[in-house]
Every structure is written in C-alpha cells, then in structure tokens.
$ cat run31.txt   # compact mmCIF, C-alpha atoms
# COMPACT_ATOMS: atom_id res chain seq x y z
CA MET A 1 -29.88 -12.02 -0.84
CA SER A 2 -26.88 -10.25 -2.37
CA SER A 3 -27.35 -7.20 -4.57
CA LEU A 4 -26.61 -7.39 -8.28
CA ASP A 5 -23.62 -5.56 -9.71
CA LEU A 6 -24.82 -2.88 -12.13
CA GLN A 7 -21.72 -3.14 -14.31
CA ARG A 8 -22.38 -6.84 -14.85
CA LEU A 9 -25.90 -6.03 -15.97
CA ARG A 10 -24.48 -3.53 -18.47
CA CYS A 11 -22.10 -6.23 -19.72
CA PHE A 12 -25.06 -8.59 -20.17
CA LEU A 13 -26.97 -6.03 -22.24
CA ALA A 14 -23.92 -5.30 -24.39
CA VAL A 15 -23.52 -9.00 -25.26
CA VAL A 16 -27.27 -9.27 -25.97
CA GLU A 17 -27.18 -6.33 -28.36
CA GLU A 18 -23.90 -7.24 -30.07
CA LYS A 19 -24.49 -11.03 -30.06
CA ASN A 20 -20.74 -11.42 -29.79
CA PHE A 21 -18.36 -11.18 -26.82
CA GLY A 22 -15.58 -9.56 -28.83
CA ARG A 23 -17.77 -6.77 -30.23
CA ALA A 24 -19.39 -6.25 -26.83
CA ALA A 25 -15.96 -5.93 -25.21
CA GLN A 26 -14.91 -3.31 -27.78
CA ARG A 27 -18.09 -1.37 -27.11
CA LEU A 28 -17.37 -1.40 -23.37
CA ASN A 29 -13.69 -0.47 -23.91
CA ILE A 30 -12.45 -3.62 -22.20
CA THR A 31 -10.95 -6.90 -23.41
CA ALA A 32 -12.92 -10.10 -23.86
CA ALA A 33 -11.45 -11.86 -20.81
CA PRO A 34 -12.78 -9.48 -18.11
CA LEU A 35 -16.12 -9.30 -19.94
CA SER A 36 -16.41 -13.08 -19.88
CA ARG A 37 -15.55 -13.10 -16.16
CA GLN A 38 -18.28 -10.54 -15.44
CA ILE A 39 -20.87 -12.61 -17.31
CA ARG A 40 -19.82 -15.79 -15.49
CA ARG A 41 -20.17 -14.05 -12.14
CA LEU A 42 -23.62 -12.77 -13.10
CA GLU A 43 -24.65 -16.26 -14.17
CA ASN A 44 -23.45 -17.64 -10.83
CA GLU A 45 -25.48 -14.99 -9.00
CA LEU A 46 -28.62 -15.67 -11.06
CA GLY A 47 -28.31 -19.44 -10.90
CA GLY A 48 -27.90 -20.47 -14.52
CA ASP A 49 -26.46 -19.85 -17.98
CA LEU A 50 -27.67 -16.69 -19.68
CA PHE A 51 -26.14 -17.40 -23.10
CA VAL A 52 -25.69 -20.31 -25.46
CA ARG A 53 -22.12 -19.76 -26.58
CA ALA A 54 -21.46 -20.60 -30.23
CA TYR A 55 -18.18 -20.22 -32.14
CA HIS A 56 -19.02 -16.81 -33.60
CA ASP A 57 -22.24 -15.52 -32.07
CA VAL A 58 -24.11 -16.06 -28.83
CA GLU A 59 -27.84 -16.48 -28.19
CA LEU A 60 -29.91 -16.07 -25.05
CA THR A 61 -30.96 -19.11 -23.05
CA SER A 62 -34.52 -19.31 -21.76
CA LEU A 63 -33.29 -17.85 -18.46
CA GLY A 64 -31.54 -15.03 -20.28
CA SER A 65 -34.63 -14.25 -22.34
CA SER A 66 -36.81 -14.17 -19.22
CA LEU A 67 -34.48 -11.80 -17.42
CA LEU A 68 -33.77 -9.47 -20.35
CA GLY A 69 -36.74 -7.18 -19.66
CA PRO A 70 -36.15 -6.82 -15.90
CA ILE A 71 -32.43 -6.22 -16.45
CA ARG A 72 -33.12 -3.51 -19.03
CA ALA A 73 -35.55 -1.85 -16.62
CA THR A 74 -33.02 -2.03 -13.77
CA VAL A 75 -30.25 -0.44 -15.82
CA ALA A 76 -32.60 2.25 -17.12
CA ALA A 77 -33.70 3.06 -13.56
CA ALA A 78 -30.06 3.28 -12.42
CA ASP A 79 -29.24 5.57 -15.35
CA ALA A 80 -32.11 7.82 -14.32
CA VAL A 81 -30.70 8.01 -10.79
CA TRP A 82 -27.24 8.90 -12.11
CA ALA A 83 -28.73 11.51 -14.42
CA ALA A 84 -30.51 13.12 -11.49
CA ALA A 85 -27.31 12.98 -9.45
CA GLU A 86 -25.37 14.57 -12.31
CA GLN A 87 -27.86 17.39 -12.48
CA LEU A 88 -27.40 18.00 -8.77
CA ARG A 89 -23.61 17.68 -9.10
CA THR A 90 -23.35 20.56 -11.57
CA THR A 91 -24.12 22.93 -8.72
CA GLY A 92 -21.54 21.29 -6.44
CA ALA A 93 -17.77 21.23 -6.25
CA PRO A 94 -15.59 19.19 -8.66
CA LEU A 95 -13.37 16.38 -7.44
CA ARG A 96 -10.11 17.28 -5.73
CA VAL A 97 -7.62 14.63 -6.78
CA GLY A 98 -4.05 13.85 -5.77
CA ALA A 99 -1.43 11.29 -6.81
CA THR A 100 1.99 10.36 -5.53
CA PRO A 101 4.74 10.88 -8.14
CA TYR A 102 6.47 7.76 -6.79
CA ALA A 103 3.83 5.43 -8.25
CA PRO A 104 4.89 3.72 -11.51
CA SER A 105 4.11 5.92 -14.48
CA PRO A 106 1.82 3.37 -16.23
CA LEU A 107 -0.32 3.21 -13.09
CA LEU A 108 -0.53 7.00 -12.86
CA ASP A 109 -1.45 7.15 -16.54
CA SER A 110 -4.24 4.60 -16.05
CA PHE A 111 -5.59 6.53 -13.05
CA LEU A 112 -5.73 9.80 -14.96
CA GLU A 113 -7.17 8.12 -18.06
CA VAL A 114 -10.11 6.68 -16.08
CA LEU A 115 -10.96 10.15 -14.77
CA LYS A 116 -10.60 11.63 -18.26
CA GLN A 117 -12.72 8.98 -19.99
CA GLY A 118 -15.43 9.34 -17.35
CA ASN A 119 -15.52 13.12 -17.85
CA PHE A 120 -15.15 13.63 -14.12
CA PRO A 121 -14.70 17.34 -13.38
CA ILE A 122 -11.50 17.97 -11.43
CA GLU A 123 -10.72 21.11 -9.50
CA ASN A 124 -7.76 22.85 -11.18
CA GLU A 125 -5.30 20.01 -11.89
CA VAL A 126 -4.42 16.72 -10.23
CA LEU A 127 -2.10 17.41 -7.30
CA ILE A 128 1.08 15.46 -8.09
CA GLY A 129 3.93 16.02 -5.71
CA PRO A 130 3.31 14.94 -2.09
CA GLY A 131 4.06 11.41 -0.94
CA SER A 132 1.36 8.98 0.13
CA ASN A 133 1.39 10.01 3.81
CA GLU A 134 0.79 13.67 2.98
CA LEU A 135 -1.97 12.76 0.53
CA ALA A 136 -3.62 10.67 3.25
CA ARG A 137 -3.45 13.61 5.63
CA GLN A 138 -5.16 15.86 3.08
CA LEU A 139 -7.89 13.25 2.53
CA LYS A 140 -8.55 13.18 6.28
CA THR A 141 -8.78 16.95 6.54
CA GLY A 142 -11.11 17.17 3.53
CA ALA A 143 -8.60 19.01 1.32
CA LEU A 144 -8.73 16.11 -1.20
CA ASP A 145 -11.47 13.68 -2.27
CA LEU A 146 -9.44 10.96 -3.96
CA ALA A 147 -5.77 9.99 -4.23
CA LEU A 148 -3.51 7.43 -5.88
CA VAL A 149 -1.09 6.23 -3.20
CA HIS A 150 1.14 3.46 -1.99
CA LEU A 151 -0.59 1.19 0.53
CA PRO A 152 -1.28 0.25 3.31
CA ALA A 153 -3.98 2.83 3.88
CA ALA A 154 -3.91 5.25 6.75
CA GLU A 155 -6.37 4.57 9.56
CA GLY A 156 -9.81 6.06 8.98
CA LEU A 157 -9.60 5.93 5.17
CA ASP A 158 -10.93 3.38 2.69
CA ALA A 159 -8.68 1.84 0.07
CA LEU A 160 -8.95 -0.04 -3.20
CA GLN A 161 -5.77 -1.97 -3.95
CA TRP A 162 -5.11 -1.64 -7.66
CA THR A 163 -1.90 -3.55 -8.23
CA SER A 164 1.42 -4.56 -6.70
CA TYR A 165 4.92 -4.71 -8.10
CA LYS A 166 8.35 -5.98 -7.15
CA LEU A 167 11.49 -3.94 -6.64
CA SER A 168 14.61 -4.65 -8.69
CA ILE A 169 18.18 -3.48 -8.08
CA ALA A 170 20.01 -0.69 -9.95
CA VAL A 171 23.80 -0.28 -9.92
CA ARG A 172 26.48 1.39 -12.03
CA SER A 173 27.21 -0.58 -15.19
CA ASP A 174 30.79 -1.17 -14.01
CA ASP A 175 29.68 -2.44 -10.59
CA GLU A 176 30.69 -5.99 -9.69
CA LEU A 177 27.00 -6.90 -9.42
CA ALA A 178 26.24 -5.67 -12.95
CA ILE A 179 27.35 -8.92 -14.59
CA ARG A 180 24.72 -10.91 -12.70
CA ASN A 181 21.48 -11.95 -14.44
CA SER A 182 19.64 -11.94 -11.11
CA LEU A 183 20.26 -11.32 -7.43
CA THR A 184 18.88 -12.35 -4.07
CA LEU A 185 18.53 -9.91 -1.20
CA SER A 186 21.37 -11.68 0.63
CA ASP A 187 23.68 -10.79 -2.29
CA LEU A 188 23.41 -7.18 -1.12
CA SER A 189 24.90 -7.89 2.29
CA GLY A 190 27.70 -5.42 2.99
CA ARG A 191 26.57 -2.98 0.30
CA ARG A 192 25.13 0.45 1.04
CA ILE A 193 21.52 0.58 -0.18
CA ILE A 194 19.07 3.33 -1.10
CA HIS A 195 15.38 2.62 -0.61
CA PRO A 196 13.69 5.55 -2.43
CA LEU A 197 10.50 5.45 -0.34
CA ALA A 198 11.89 4.57 3.07
CA ARG A 199 11.23 7.98 4.65
CA LEU A 200 7.97 8.55 2.80
CA LEU A 201 6.31 5.23 3.69
CA PRO A 202 7.23 4.28 7.27
CA LYS A 203 4.82 1.29 7.42
CA VAL A 204 6.15 -0.20 4.20
CA TRP A 205 9.71 0.57 5.22
CA GLU A 206 9.30 -1.32 8.51
CA GLU A 207 8.13 -4.42 6.61
CA HIS A 208 10.97 -4.15 4.11
CA LYS A 209 13.54 -3.54 6.84
CA VAL A 210 12.63 -6.84 8.49
CA GLN A 211 13.12 -8.64 5.17
CA LEU A 212 16.42 -6.93 4.52
CA ARG A 213 17.81 -7.59 7.98
CA SER A 214 16.87 -11.26 7.76
CA ALA A 215 18.88 -11.35 4.51
CA GLY A 216 21.86 -9.68 6.20
CA VAL A 217 21.35 -6.25 4.63
CA THR A 218 21.69 -3.54 7.27
CA ASN A 219 23.56 -0.64 5.63
CA ILE A 220 20.61 1.46 4.41
CA ASP A 221 20.99 5.09 3.32
CA ASN A 222 17.57 6.57 4.12
CA SER A 223 18.53 9.74 5.94
CA GLU A 224 16.65 11.99 3.54
CA VAL A 225 13.89 11.95 0.97
CA LEU A 226 15.51 11.82 -2.45
CA GLY A 227 14.14 12.78 -5.83
CA ILE A 228 14.70 10.64 -8.90
CA ALA A 229 17.69 12.67 -10.10
CA GLU A 230 19.34 12.53 -6.67
CA ILE A 231 18.90 8.76 -6.47
CA ALA A 232 20.65 8.29 -9.81
CA THR A 233 23.41 10.70 -8.75
CA HIS A 234 24.04 8.77 -5.51
CA VAL A 235 24.18 5.44 -7.34
CA TRP A 236 26.66 6.87 -9.85
CA SER A 237 28.90 9.02 -7.68
CA ARG A 238 28.88 7.00 -4.44
CA ARG A 239 28.46 3.57 -6.04
CA LEU A 240 25.39 2.85 -3.96
CA VAL A 241 22.74 0.26 -4.80
CA SER A 242 19.16 1.44 -5.29
CA PHE A 243 15.85 -0.37 -5.37
CA VAL A 244 13.76 0.54 -8.43
CA PRO A 245 10.27 -0.53 -9.58
CA ASP A 246 10.22 -3.70 -11.66
CA VAL A 247 7.65 -2.04 -13.95
CA PRO A 248 8.35 -1.27 -17.63
CA GLY A 249 7.91 2.42 -18.32
CA SER A 250 8.17 3.70 -14.75
CA VAL A 251 10.11 6.96 -14.49
CA LEU A 252 12.79 5.57 -12.16
CA SER A 253 13.24 2.49 -14.37
CA ARG A 254 13.66 4.73 -17.42
CA VAL A 255 16.33 6.78 -15.65
CA PHE A 256 18.29 3.63 -14.84
CA ALA A 257 17.85 2.29 -18.39
CA ALA A 258 20.68 4.65 -19.39
CA PRO A 259 23.88 2.84 -20.51
CA GLN A 260 25.81 3.87 -17.41
CA PHE A 261 23.46 1.85 -15.18
CA THR A 262 22.30 -1.77 -14.96
CA VAL A 263 18.99 -2.98 -13.50
CA ILE A 264 18.95 -6.53 -12.12
CA PRO A 265 15.85 -8.50 -11.06
CA VAL A 266 15.64 -9.99 -7.55
CA THR A 267 14.75 -13.67 -7.19
CA GLY A 268 13.50 -15.52 -4.14
CA GLU A 269 12.11 -13.29 -1.40
CA THR A 270 11.51 -9.86 -2.92
CA LEU A 271 10.37 -6.47 -1.73
CA ILE A 272 6.78 -5.75 -2.81
CA MET A 273 5.08 -2.37 -3.22
CA LYS A 274 1.28 -2.10 -3.22
CA THR A 275 -0.56 0.75 -4.89
CA GLY A 276 -4.18 1.78 -4.93
CA ILE A 277 -6.86 4.41 -4.48
CA LEU A 278 -7.56 6.11 -1.16
CA TRP A 279 -10.59 8.13 -0.03
CA SER A 280 -12.58 9.18 3.02
CA PRO A 281 -15.71 7.01 3.54
CA SER A 282 -17.63 9.95 4.99
CA GLN A 283 -16.84 12.05 1.92
CA ALA A 284 -17.95 9.23 -0.39
CA GLN A 285 -21.33 9.12 1.38
CA ARG A 286 -21.86 12.82 0.67
CA SER A 287 -20.60 12.91 -2.92
CA PRO A 288 -22.39 11.09 -5.78
CA LEU A 289 -19.58 12.24 -8.05
CA LEU A 290 -16.96 10.53 -5.90
CA GLN A 291 -19.10 7.39 -5.81
CA ARG A 292 -19.20 7.38 -9.61
CA ALA A 293 -15.44 7.84 -9.84
CA LEU A 294 -14.87 4.95 -7.42
CA MET A 295 -17.19 2.73 -9.46
CA ALA A 296 -15.22 3.53 -12.61
CA LEU A 297 -11.91 2.83 -10.88
CA ARG A 298 -13.16 -0.49 -9.50
CA ASP A 299 -14.04 -1.64 -13.02
CA VAL A 300 -10.50 -1.13 -14.34
CA ASP A 301 -8.80 -4.42 -15.20
CA LEU A 302 -5.38 -2.99 -14.47
CA GLN A 303 -2.04 -4.56 -15.36
CA VAL A 304 1.32 -2.79 -15.17

$ encode --input "run31.txt" --output "structure tokens"
Amino acid sequence: MSSLDLQRLRCFLAVVEEKNFGRAAQRLNITAAPLSRQIRRLENELGGDLFVRAYHDVELTSLGSSLLGPIRATVAAADAVWAAAEQLRTTGAPLRVGATPYAPSPLLDSFLEVLKQGNFPIENEVLIGPGSNELARQLKTGALDLALVHLPAAEGLDALQWTSYKLSIAVRSDDELAIRNSLTLSDLSGRRIIHPLARLLPKVWEEHKVQLRSAGVTNIDNSEVLGIAEIATHVWSRRLVSFVPDVPGSVLSRVFAAPQFTVIPVTGETLIMKTGILWSPSQAQRSPLLQRALMALRDVDLQV
C-alpha cells in the first residue's frame, strides 16, 4: 500500500474549509490548476471522488465526509512532528545553500523565494558564484546542504529536476545571421561558437558536442570559462556566435537584448539545459530542516 502525500491532504482540507477551489488555491499560494491535480491524484489513491464539483462551490461526497476526520487527524499529527523537529532544529545549524549564477534568473529567484517563504534559516547568505561541479563537490564534502545546479547530478548525490530550457543564438545585430527569424544548428556550420557552460559542465558539454558535430558545427571556442560580460565582448569584438538561454528575464538574455545584438531561436534539434536541486542523501537523513526544505521545493509548480 502506497503512503499518502501530506501536501495533498492539506490541499483537501483547504478545499473543504473554503468550499471553493479558487479560494483554496489562493490560501495555499498556488494556482487552481496544480491544486486540482493534487486533489485528482488523492482521489485516485483513495479510490473515489471526494468532492461534488458545482459551478461556484464544492461539497463533500460521502467518501469525502467519511475521510474528513481521519485526514484532519493525520495532518494534525504531522504538524506535531514538524513542531517537535523545529524545536530540535533551533539548537542545530542553519542550512548552507549554494546556487550557480549560470542558472536563468527567474529560476534562481524562485529557488530563493521558496526558502524565504518557508522561513528556512540560512547560514550567512546563499553562496552564488561557483559552477555546478564545484557546488556538487561542496555537497559531497558536507560544506553545503542544498544547491541549485545544472544537471545531470554528480554521482552520490540526489537530484530533483526543476525545469529545462532551450538555448538560442546571439550575434551582433549587423551579423549576416541577424536577419533570420530562426536558425537550425546546421546553419552555424563554419562559424566560431561560444558555449558559455562548456568548461563548467563537462557532461552536458559532451552531449551538446555530439549534437553540434552531427550538424557540422566543429569550431567551438571553449578554451576558458567566461563571465557574462566577456561573452558579450567576444560576440561583439570577434563576431563570434554565442548560445544563450531561451528564457525571458535571464541575465545573459538581458545582456543580449541590447540593440547591438540579436537573439535568434533555434528550430529542429536544439540544445537543452536541465536545472534542479542537488543534495546529499546522507545529509537529508540527518537533517529535518533539509527534509522540510526539499518538501517545499518539490511542491513548487515551476515555469520559467
């Protein structure tokens, strides 16, 4: 028998008390769609409808009425456990958190907002600076508890994939490619390319290199790790082509939104970046605080 998801039980109680999915969603700080999905999953687990859904309000079915008491007791018992854990946590160390600056800014903002809204104590400030490989190393040595990284995960660590995004192309606005509405990877054959994360993410780079070579793109400038300003400088002064996140609001995309540059989407086979949360499973077993943070991060219905 599978265990019940506590968050779904909380969603059930919110709908019961509000008698309306929209108001319940506002109370839970989510939108109506993920709330409805959580209720449907709970109904599938429990073997029947819990609500009679009307146009405005909802009412409990006989099954929902029968389970209301046990569900309330279960949530109350879980809250008591978390309260006890919180009391113990106050004598322990706060979370040590890191994040790669190369993740899209909206994703980084969402990550930090979850920690802020959950009132999770963080040691000093979030470490933003190292790439994903260095953050993984610090998780393995116990210097960090939790990190936002690019995936795949390093061996020996657990990961929660949060989202993925495509890479677009950035060129000077007077480049011959700038007049195109879209490009394929094969259109870059013969051009010198910058992949901003090639040296920082060897596993990802190996996958992307296979794709690029199959498209006839072999002239890659990845001899050094470049910051955002250096990437823009190379594209402008050397007329190179750079990959940039196809994510509105990302720092690199904002830099190349300047009039002297043009960003062009890639159609067909594209290069994909995956981002998520990384942690040590052994550390999670020892830390109720880290377990709570992971639960909060899992519940995020993230879109970038």

$ residues_around --input "run31.txt" --residues "Leu9 (chain A)" --least-positions-apart "2" --cutoff "12 Å" --atoms "all atoms listed in the file" --output "VMD selection string"
chain A and resid 3 to 7 11 to 16 35 38 to 43 45 to 46 50 64 67 to 76 78

$ write_last_selection --input "run31.txt" --atoms "C-alpha atoms" --output "JSON list (two decimals), in the coordinates of the input"
[["chain", "number", "residue", "atom", "x", "y", "z"],
["A", 3, "SER", "CA", -27.35, -7.20, -4.57],
["A", 4, "LEU", "CA", -26.61, -7.39, -8.28],
["A", 5, "ASP", "CA", -23.62, -5.56, -9.71],
["A", 6, "LEU", "CA", -24.82, -2.88, -12.13],
["A", 7, "GLN", "CA", -21.72, -3.14, -14.31],
["A", 11, "CYS", "CA", -22.10, -6.23, -19.72],
["A", 12, "PHE", "CA", -25.06, -8.59, -20.17],
["A", 13, "LEU", "CA", -26.97, -6.03, -22.24],
["A", 14, "ALA", "CA", -23.92, -5.30, -24.39],
["A", 15, "VAL", "CA", -23.52, -9.00, -25.26],
["A", 16, "VAL", "CA", -27.27, -9.27, -25.97],
["A", 35, "LEU", "CA", -16.12, -9.30, -19.94],
["A", 38, "GLN", "CA", -18.28, -10.54, -15.44],
["A", 39, "ILE", "CA", -20.87, -12.61, -17.31],
["A", 40, "ARG", "CA", -19.82, -15.79, -15.49],
["A", 41, "ARG", "CA", -20.17, -14.05, -12.14],
["A", 42, "LEU", "CA", -23.62, -12.77, -13.10],
["A", 43, "GLU", "CA", -24.65, -16.26, -14.17],
["A", 45, "GLU", "CA", -25.48, -14.99, -9.00],
["A", 46, "LEU", "CA", -28.62, -15.67, -11.06],
["A", 50, "LEU", "CA", -27.67, -16.69, -19.68],
["A", 64, "GLY", "CA", -31.54, -15.03, -20.28],
["A", 67, "LEU", "CA", -34.48, -11.80, -17.42],
["A", 68, "LEU", "CA", -33.77, -9.47, -20.35],
["A", 69, "GLY", "CA", -36.74, -7.18, -19.66],
["A", 70, "PRO", "CA", -36.15, -6.82, -15.90],
["A", 71, "ILE", "CA", -32.43, -6.22, -16.45],
["A", 72, "ARG", "CA", -33.12, -3.51, -19.03],
["A", 73, "ALA", "CA", -35.55, -1.85, -16.62],
["A", 74, "THR", "CA", -33.02, -2.03, -13.77],
["A", 75, "VAL", "CA", -30.25, -0.44, -15.82],
["A", 76, "ALA", "CA", -32.60, 2.25, -17.12],
["A", 78, "ALA", "CA", -30.06, 3.28, -12.42]]

$ residues_around --input "run31.txt" --residues "Ala215 (chain A)" --least-positions-apart "3" --cutoff "7 Å" --atoms "only C-alpha atoms" --output "VMD selection string"
chain A and resid 185 to 186 211 to 212

$ closest_residue --input "run31.txt" --among "A:Arg10, A:Arg292, A:Arg298, A:Arg286" --to "Phe120 (chain A)" --atoms "all atoms listed in the file"
A:Arg292

$ residues_around --input "run31.txt" --residues "Asp175 (chain A)" --least-positions-apart "2" --cutoff "12 Å" --atoms "only C-alpha atoms" --output "list in words"
Ile169, Ala170, Val171, Arg172, Ser173, Leu177, Ala178, Ile179, Arg180, Arg191, Val235, Trp236, Ser237, Arg238, Arg239, Leu240, Val241, Gln260, Phe261, Thr262, Val263 and Ile264 of chain A

$ residues_near_point --input "run31.txt" --point "(-13.3, 3.4, -12.0)" --cutoff "12 Å" --atoms "all atoms listed in the file" --output "JSON, numbers by chain"
{"A": [7, 110, 111, 112, 113, 114, 115, 116, 117, 118, 119, 120, 146, 160, 162, 276, 277, 289, 290, 291, 292, 293, 294, 295, 296, 297, 298, 299, 300, 301, 302]}

$ axis_aligned_box --input "run31.txt" --around "region 141-158 of chain A" --padding-each-side "4 Å" --output "lines of an AutoDock Vina configuration file"
center_x = -5.2
center_y = 9.6
center_z = 1.8
size_x = 20.6
size_y = 26.8
size_z = 23.4

$ atom_distance --input "run31.txt" --atom1 "CA of His150 (chain A)" --atom2 "CA of Lys203 (chain A)"
10.3 Å

$ atom_distance --input "run31.txt" --atom1 "CA of Ser242 (chain A)" --atom2 "CA of Pro202 (chain A)"
17.6 Å

$ atom_distance --input "run31.txt" --atom1 "CA of Phe21 (chain A)" --atom2 "CA of Leu108 (chain A)"
29.0 Å

$ residues_around --input "run31.txt" --residues "Val255 (chain A)" --least-positions-apart "4" --cutoff "9 Å" --atoms "all atoms listed in the file" --output "VMD selection string"
chain A and resid 228 to 229 232 250 to 251 261

$ residues_near_point --input "run31.txt" --point "(4.2, 6.1, -17.0)" --cutoff "6 Å" --atoms "all atoms listed in the file" --output "ChimeraX atom specification"
/A:105-106,109,249-250

$ closest_residue --input "run31.txt" --among "A:Leu95, A:Ala147, A:Ile272, A:Ala154" --to "Glu123 (chain A)" --atoms "only C-alpha atoms"
A:Leu95

$ residues_around --input "run31.txt" --residues "region 56-58 of chain A" --least-positions-apart "4" --cutoff "6 Å" --atoms "all atoms listed in the file" --output "ChimeraX atom specification"
/A:19-20,52

$ closest_residue --input "run31.txt" --among "A:Val149, A:Val97, A:Leu107, A:Leu200" --to "Leu127 (chain A)" --atoms "all atoms listed in the file"
A:Val97

$ closest_residue --input "run31.txt" --among "A:Leu167, A:Leu201, A:Val244, A:Ile231" --to "Glu269 (chain A)" --atoms "all atoms listed in the file"
A:Leu167
